[in-house]
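Q: Just so it is clear, I am handing over query33.cif, which has mmCIF, C-alpha atoms.
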```cif
data_upload
loop_
_atom_site.label_atom_id
_atom_site.label_comp_id
_atom_site.auth_asym_id
_atom_site.auth_seq_id
_atom_site.Cartn_x
_atom_site.Cartn_y
_atom_site.Cartn_z
CA GLU A 1 -35.86 -62.33 142.86
CA ALA A 2 -38.66 -61.94 145.39
CA ASP A 3 -38.24 -58.15 145.48
CA ARG A 4 -38.18 -57.99 141.69
CA PHE A 5 -41.31 -60.10 141.36
CA GLU A 6 -43.13 -57.90 143.89
CA GLN A 7 -42.31 -54.81 141.83
CA GLU A 8 -43.37 -56.47 138.58
CA TRP A 9 -46.57 -57.88 140.09
CA ALA A 10 -47.63 -54.51 141.53
CA GLN A 11 -47.02 -52.93 138.13
CA LYS A 12 -48.98 -55.67 136.33
CA ILE A 13 -51.97 -55.40 138.67
CA GLY A 14 -51.87 -51.61 138.82
CA THR A 15 -51.15 -51.08 142.52
CA LYS A 16 -48.34 -49.33 144.37
CA TYR A 17 -47.32 -52.34 146.45
CA ALA A 18 -47.20 -56.12 146.28
CA LEU A 19 -46.07 -58.58 148.92
CA ILE A 20 -45.38 -62.22 148.10
CA MET A 21 -45.44 -64.95 150.71
CA CYS A 22 -45.66 -68.63 151.45
CA GLY A 23 -48.99 -69.98 152.64
CA GLY A 24 -50.84 -69.35 149.38
CA GLY A 25 -53.88 -67.19 148.90
CA THR A 26 -54.96 -67.97 152.45
CA ALA A 27 -51.88 -66.21 153.85
CA ALA A 28 -52.47 -63.31 151.45
CA LEU A 29 -56.05 -62.93 152.71
CA VAL A 30 -54.95 -63.13 156.37
CA CYS A 31 -52.14 -60.59 155.92
CA SER A 32 -54.46 -58.24 154.02
CA LEU A 33 -57.07 -58.39 156.80
CA ALA A 34 -54.37 -57.77 159.41
CA GLY A 35 -53.15 -54.89 157.27
CA MET A 36 -56.64 -53.41 157.32
CA GLY A 37 -56.72 -53.62 161.11
CA ILE A 38 -59.48 -56.23 161.15
CA GLY A 39 -59.62 -58.15 164.43
CA PRO A 40 -61.73 -59.55 167.27
CA GLY A 41 -65.37 -58.48 167.24
CA ASP A 42 -65.26 -57.14 163.68
CA GLU A 43 -67.59 -58.62 161.07
CA VAL A 44 -66.43 -59.35 157.53
CA ILE A 45 -68.98 -60.21 154.83
CA VAL A 46 -68.02 -63.12 152.57
CA PRO A 47 -69.94 -64.87 149.78
CA ALA A 48 -71.55 -68.20 150.65
CA TYR A 49 -70.04 -69.74 147.50
CA THR A 50 -66.25 -69.69 147.73
CA TRP A 51 -63.25 -71.74 148.82
CA MET A 52 -63.16 -72.10 152.61
CA ALA A 53 -60.08 -69.86 153.00
CA THR A 54 -62.21 -66.76 152.39
CA ALA A 55 -64.09 -67.38 155.64
CA THR A 56 -61.30 -69.07 157.60
CA SER A 57 -58.93 -66.14 156.99
CA VAL A 58 -61.49 -63.95 158.77
CA LEU A 59 -61.52 -66.38 161.70
CA THR A 60 -57.70 -66.43 161.74
CA VAL A 61 -57.56 -62.71 162.61
CA GLY A 62 -60.25 -63.20 165.25
CA ALA A 63 -63.08 -61.60 163.28
CA ILE A 64 -66.53 -62.98 162.41
CA PRO A 65 -67.41 -64.08 158.86
CA VAL A 66 -70.95 -63.19 157.76
CA LEU A 67 -72.29 -65.13 154.77
CA ALA A 68 -74.05 -63.34 151.91
CA GLU A 69 -75.69 -64.64 148.76
CA VAL A 70 -74.10 -64.78 145.32
CA ASP A 71 -75.58 -63.71 141.99
CA GLU A 72 -75.25 -64.81 138.35
CA THR A 73 -71.56 -63.81 138.32
CA LEU A 74 -70.98 -66.57 140.93
CA GLY A 75 -69.67 -63.69 143.04
CA LEU A 76 -71.07 -61.65 145.90
CA ASN A 77 -74.57 -60.26 145.39
CA PRO A 78 -74.29 -56.47 145.99
CA ASP A 79 -77.91 -56.25 147.20
CA ASP A 80 -77.44 -58.98 149.80
CA LEU A 81 -74.10 -57.44 150.77
CA GLU A 82 -75.91 -54.24 151.67
CA ARG A 83 -78.59 -56.17 153.60
CA LYS A 84 -75.95 -57.94 155.70
CA ILE A 85 -74.07 -54.80 156.78
CA SER A 86 -74.30 -54.12 160.52
CA PRO A 87 -72.62 -51.64 162.88
CA ALA A 88 -69.89 -54.28 163.44
CA THR A 89 -69.12 -54.71 159.72
CA LYS A 90 -65.61 -53.52 158.91
CA ALA A 91 -64.88 -55.22 155.58
CA VAL A 92 -66.16 -57.32 152.72
CA ILE A 93 -64.35 -59.96 150.66
CA PRO A 94 -65.79 -60.31 147.15
CA VAL A 95 -64.45 -63.42 145.40
CA HIS A 96 -63.80 -63.79 141.68
CA MET A 97 -64.80 -67.43 141.31
CA MET A 98 -63.46 -69.69 138.55
CA GLY A 99 -62.14 -66.76 136.50
CA ARG A 100 -65.42 -64.82 136.61
CA PRO A 101 -65.25 -61.31 138.07
CA ALA A 102 -67.71 -60.23 140.74
CA ASN A 103 -69.66 -57.01 140.14
CA MET A 104 -66.95 -54.75 141.56
CA GLU A 105 -68.55 -51.53 140.41
CA ARG A 106 -71.64 -52.07 142.56
CA ILE A 107 -69.73 -53.73 145.42
CA MET A 108 -67.38 -50.75 145.64
CA ALA A 109 -70.33 -48.34 145.64
CA VAL A 110 -71.99 -50.19 148.53
CA ALA A 111 -68.72 -50.38 150.48
CA LYS A 112 -68.00 -46.67 149.98
CA LYS A 113 -71.54 -45.76 151.05
CA HIS A 114 -71.12 -47.67 154.32
CA GLY A 115 -67.43 -46.92 154.93
CA ILE A 116 -66.17 -50.51 154.88
CA LYS A 117 -62.92 -51.90 153.48
CA VAL A 118 -62.85 -54.15 150.39
CA LEU A 119 -60.46 -57.09 150.10
CA GLU A 120 -60.67 -58.79 146.69
CA ASP A 121 -60.11 -62.54 146.69
CA SER A 122 -58.57 -62.97 143.23
CA CYS A 123 -57.09 -66.37 144.00
CA GLN A 124 -59.08 -67.97 141.17
CA MET A 125 -58.60 -65.07 138.75
CA VAL A 126 -54.88 -64.40 138.67
CA GLY A 127 -54.19 -61.70 136.07
CA GLY A 128 -57.84 -61.23 135.12
CA SER A 129 -59.68 -57.96 134.58
CA TYR A 130 -63.07 -56.38 135.17
CA LYS A 131 -64.11 -53.47 132.93
CA GLY A 132 -60.50 -52.96 131.82
CA LYS A 133 -59.01 -52.85 135.31
CA ARG A 134 -57.17 -55.79 136.90
CA THR A 135 -58.95 -57.66 139.65
CA GLY A 136 -57.20 -57.10 142.93
CA SER A 137 -56.79 -53.39 142.18
CA TRP A 138 -60.43 -52.36 142.63
CA GLY A 139 -60.54 -52.75 146.41
CA ASP A 140 -58.37 -51.56 149.27
CA ALA A 141 -56.33 -54.75 148.86
CA GLY A 142 -56.29 -57.89 146.72
CA ALA A 143 -55.16 -61.46 147.36
CA PHE A 144 -53.74 -63.98 144.88
CA SER A 145 -52.83 -67.66 145.02
CA PHE A 146 -49.85 -69.18 143.23
CA ASN A 147 -50.39 -72.77 144.28
CA TYR A 148 -49.94 -75.77 142.00
CA TYR A 149 -53.44 -75.47 140.47
CA LYS A 150 -53.37 -71.78 139.66
CA ILE A 151 -52.48 -69.86 136.47
CA ILE A 152 -49.10 -68.88 137.95
CA SER A 153 -47.54 -71.56 140.15
CA SER A 154 -44.69 -71.13 142.58
CA GLY A 155 -44.23 -74.89 142.86
CA GLY A 156 -45.82 -74.88 146.29
CA GLU A 157 -48.20 -72.72 148.27
CA GLY A 158 -47.21 -69.22 147.16
CA GLY A 159 -49.42 -66.17 147.43
CA ALA A 160 -49.42 -62.40 147.10
CA MET A 161 -51.31 -59.41 148.40
CA VAL A 162 -51.48 -56.06 146.63
CA THR A 163 -52.58 -52.62 147.72
CA SER A 164 -52.01 -48.94 147.02
CA ASP A 165 -52.55 -48.04 150.68
CA ARG A 166 -49.20 -47.60 152.44
CA GLU A 167 -50.64 -48.26 155.92
CA ILE A 168 -52.25 -51.55 154.82
CA PHE A 169 -49.03 -52.58 153.08
CA GLU A 170 -46.82 -51.84 156.10
CA ARG A 171 -49.07 -53.72 158.53
CA ALA A 172 -49.30 -56.66 156.13
CA PHE A 173 -45.51 -56.59 155.71
CA VAL A 174 -44.98 -56.80 159.47
CA TYR A 175 -47.70 -59.45 159.90
CA HIS A 176 -46.20 -61.68 157.17
CA ASP A 177 -42.75 -61.71 158.77
CA SER A 178 -42.13 -62.15 162.50
CA GLY A 179 -38.58 -60.93 161.85
CA ALA A 180 -39.68 -57.76 160.04
CA ALA A 181 -37.69 -55.58 162.43
CA PHE A 182 -34.46 -57.11 161.09
CA ARG A 183 -35.16 -56.66 157.37
CA PRO A 184 -33.65 -53.85 155.25
CA LYS A 185 -37.14 -52.38 154.66
CA ALA A 186 -37.72 -51.93 158.42
CA SER A 187 -36.15 -48.47 158.34
CA GLU A 188 -38.82 -47.37 155.84
CA LEU A 189 -41.76 -48.36 158.07
CA ASN A 190 -44.02 -45.83 159.77
CA GLU A 191 -46.16 -48.51 161.45
CA PRO A 192 -44.83 -49.95 164.72
CA ILE A 193 -43.49 -53.51 164.77
CA PHE A 194 -45.86 -55.99 166.46
CA VAL A 195 -46.01 -59.72 167.19
CA ALA A 196 -46.59 -61.43 163.86
CA GLN A 197 -46.66 -64.65 161.85
CA GLN A 198 -44.14 -66.32 159.57
CA TYR A 199 -45.29 -66.26 155.94
CA ARG A 200 -42.11 -64.75 154.45
#
```
Output the structure of this file as structure tokens.
A:
Amino acid sequence: EADRFEQEWAQKIGTKYALIMCGGGTAALVCSLAGMGIGPGDEVIVPAYTWMATATSVLTVGAIPVLAEVDETLGLNPDDLERKISPATKAVIPVHMMGRPANMERIMAVAKKHGIKVLEDSCQMVGGSYKGKRTGSWGDAGAFSFNYYKIISSGGEGGAMVTSDREIFERAFVYHDSGAAFRPKASELNEPIFVAQQYR
């Protein structure tokens, strides 16, 4: 059932891969950051208005959250995003707050200009769209929450990450399962197995 849902969720969002896990949207954010190779000393820009997991997921992988202003979308202000970029900035996490999409068109343009990764926090916009494209599919990866209060509930603290980047997916897969080496999909991995967490 888990494998089938991952396939259906990736298709629904419009990405190549989806990975479901326990630990909610927080786990999805953490696994996505690990998948992107974000770690100690890296800076990740997050909006000042969000649920705490957006910033704490950055801390969990050892990186440094940098707060940026929001705009009328309640999401990340693309102008302040650009102002906050430093040589240590490796990623940005725009958040789609309360079912309102952030300005992904401009955020993606800024990120591309500066060569930084984009992780969409779609935990409060499960299944939503921006300009005809599902949120979570605009960036390099997207995170979703399926906890009790969300549009889709798994009865507990479920979550999912999506991506079309095979390298990000494989690293996130390993990071979400400390026993990844023993799973049937292990033979398909190009990324080396490393010490990981237990969100499977």
Q: What does the PyMOL selection byres ((chain A and resi 3-12) around 12) select in this file, as number ranges by chain?
A: A: 1-2, 13-21, 126-129, 133-137, 141-144, 152, 154, 159-164, 169, 184-185, 200
Q: At what distance in Å, to one decimal, does CA of Glu157 (chain A) lie from CA of Tyr49 (chain A)?
A: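 Rounded to one decimal, the two atoms are 22.1 Å apart.
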Q: Give the answer as one residue: which of A:Gly24, A:Glu170, A:Met97, A:Lys131 has the shortest atom-to-atom distance to Asn190 (chain A), using all atoms listed in the file?
A: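 So, comparing all the options, the nearest one is A:Glu170.
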Q: Which residues are near region 66-69 of chain A? Cut-off 7 Å, all atoms listed in the file, ignore same chain within fewer than 5 positions. Put them as a list in words.
A: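 Answer for this query is Glu43, Val44, Ile45, Val46, Pro47, Ala48, Leu76, Asn77, Asp80, Leu81 and Lys84 of chain A.
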Q: Could you tell me how far CA of Gly25 (chain A) sits from CA of Phe146 (chain A), in Å to one decimal place?
A: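 Value for the CA of Phe146 (chain A)-CA of Gly25 (chain A) distance: 7.2 Å.
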Q: So that I can check the surroundings of Lys113 (chain A), please list as a PDB file with C-alpha atoms, in the frame of the given file every protein, DNA and RNA residue that reaches within 12 Å of it, counting only C-alpha atoms and ignoring chain neighbours fewer than 4 positions away.
A:
```
ATOM      1  CA  LEU A  81     -74.100 -57.440 150.770  1.00  0.00           C
ATOM      2  CA  GLU A  82     -75.910 -54.240 151.670  1.00  0.00           C
ATOM      3  CA  ILE A  85     -74.070 -54.800 156.780  1.00  0.00           C
ATOM      4  CA  ARG A 106     -71.640 -52.070 142.560  1.00  0.00           C
ATOM      5  CA  ILE A 107     -69.730 -53.730 145.420  1.00  0.00           C
ATOM      6  CA  MET A 108     -67.380 -50.750 145.640  1.00  0.00           C
ATOM      7  CA  ALA A 109     -70.330 -48.340 145.640  1.00  0.00           C
ATOM      8  CA  LYS A 117     -62.920 -51.900 153.480  1.00  0.00           C
TER       9      LYS A 117
END
```
Q: Between A:Gln198, A:Thr50, A:Thr89, A:Ser178, which has the minimum distance to Ser122 (chain A) (counting only C-alpha atoms)?
A: A:Thr50
Q: Convert the output of the PyMOL selection byres ((chain A and resi 140) around 6) on the shown file into explicit residues, formatted as a list of chain:residue names.
A: A:Val118, A:Leu119, A:Gly139, A:Ala141
Q: Mind listing whatever residues come within 12 Å of the point (-49.4, -65.4, 166.1)? Use all atoms listed in the file, file coordinates, and give them as a PDB file with C-alpha atoms, in the frame of the given file.
A:
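Listing of selection18.pdb after writing:
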```
ATOM      1  CA  VAL A  30     -54.950 -63.130 156.370  1.00  0.00           C
ATOM      2  CA  CYS A  31     -52.140 -60.590 155.920  1.00  0.00           C
ATOM      3  CA  ALA A  34     -54.370 -57.770 159.410  1.00  0.00           C
ATOM      4  CA  THR A  60     -57.700 -66.430 161.740  1.00  0.00           C
ATOM      5  CA  VAL A  61     -57.560 -62.710 162.610  1.00  0.00           C
ATOM      6  CA  GLY A  62     -60.250 -63.200 165.250  1.00  0.00           C
ATOM      7  CA  VAL A 174     -44.980 -56.800 159.470  1.00  0.00           C
ATOM      8  CA  TYR A 175     -47.700 -59.450 159.900  1.00  0.00           C
ATOM      9  CA  HIS A 176     -46.200 -61.680 157.170  1.00  0.00           C
ATOM     10  CA  ASP A 177     -42.750 -61.710 158.770  1.00  0.00           C
ATOM     11  CA  SER A 178     -42.130 -62.150 162.500  1.00  0.00           C
ATOM     12  CA  PHE A 194     -45.860 -55.990 166.460  1.00  0.00           C
ATOM     13  CA  VAL A 195     -46.010 -59.720 167.190  1.00  0.00           C
ATOM     14  CA  ALA A 196     -46.590 -61.430 163.860  1.00  0.00           C
ATOM     15  CA  GLN A 197     -46.660 -64.650 161.850  1.00  0.00           C
ATOM     16  CA  GLN A 198     -44.140 -66.320 159.570  1.00  0.00           C
ATOM     17  CA  TYR A 199     -45.290 -66.260 155.940  1.00  0.00           C
TER      18      TYR A 199
END
```
Q: Please report the interatomic distance between CA of Thr26 (chain A) and CA of Asn147 (chain A) in Å with one decimal.
A: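 Result for CA of Thr26 (chain A) versus CA of Asn147 (chain A): 10.5 Å, one decimal.
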Q: So, counting all atoms listed in the file, which residue among A:Phe173, A:Tyr130, A:Phe182, A:Trp138 is closest to Ala27 (chain A)?
A: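 When distances to Ala27 (chain A) are compared using all atoms listed in the file, the smallest one comes from A:Phe173.
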Q: Taking the point (-64.5, -68.2, 142.0) as given in the file, collect each protein or nucleic acid residue that comes within 12 Å of it, counting only C-alpha atoms, and present the set as an NGL selection string.
A: :A and (47-54 or 70-76 or 93-102 or 120-126 or 128 or 144 or 150)
Q: Of the candidates A:Ile151, A:Ala186, A:Val58, A:Ile193, which shows the shortest atom-to-atom distance to Met36 (chain A), using only C-alpha atoms?
A: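 Using only C-alpha atoms, the shortest distance to Met36 (chain A) belongs to A:Val58.
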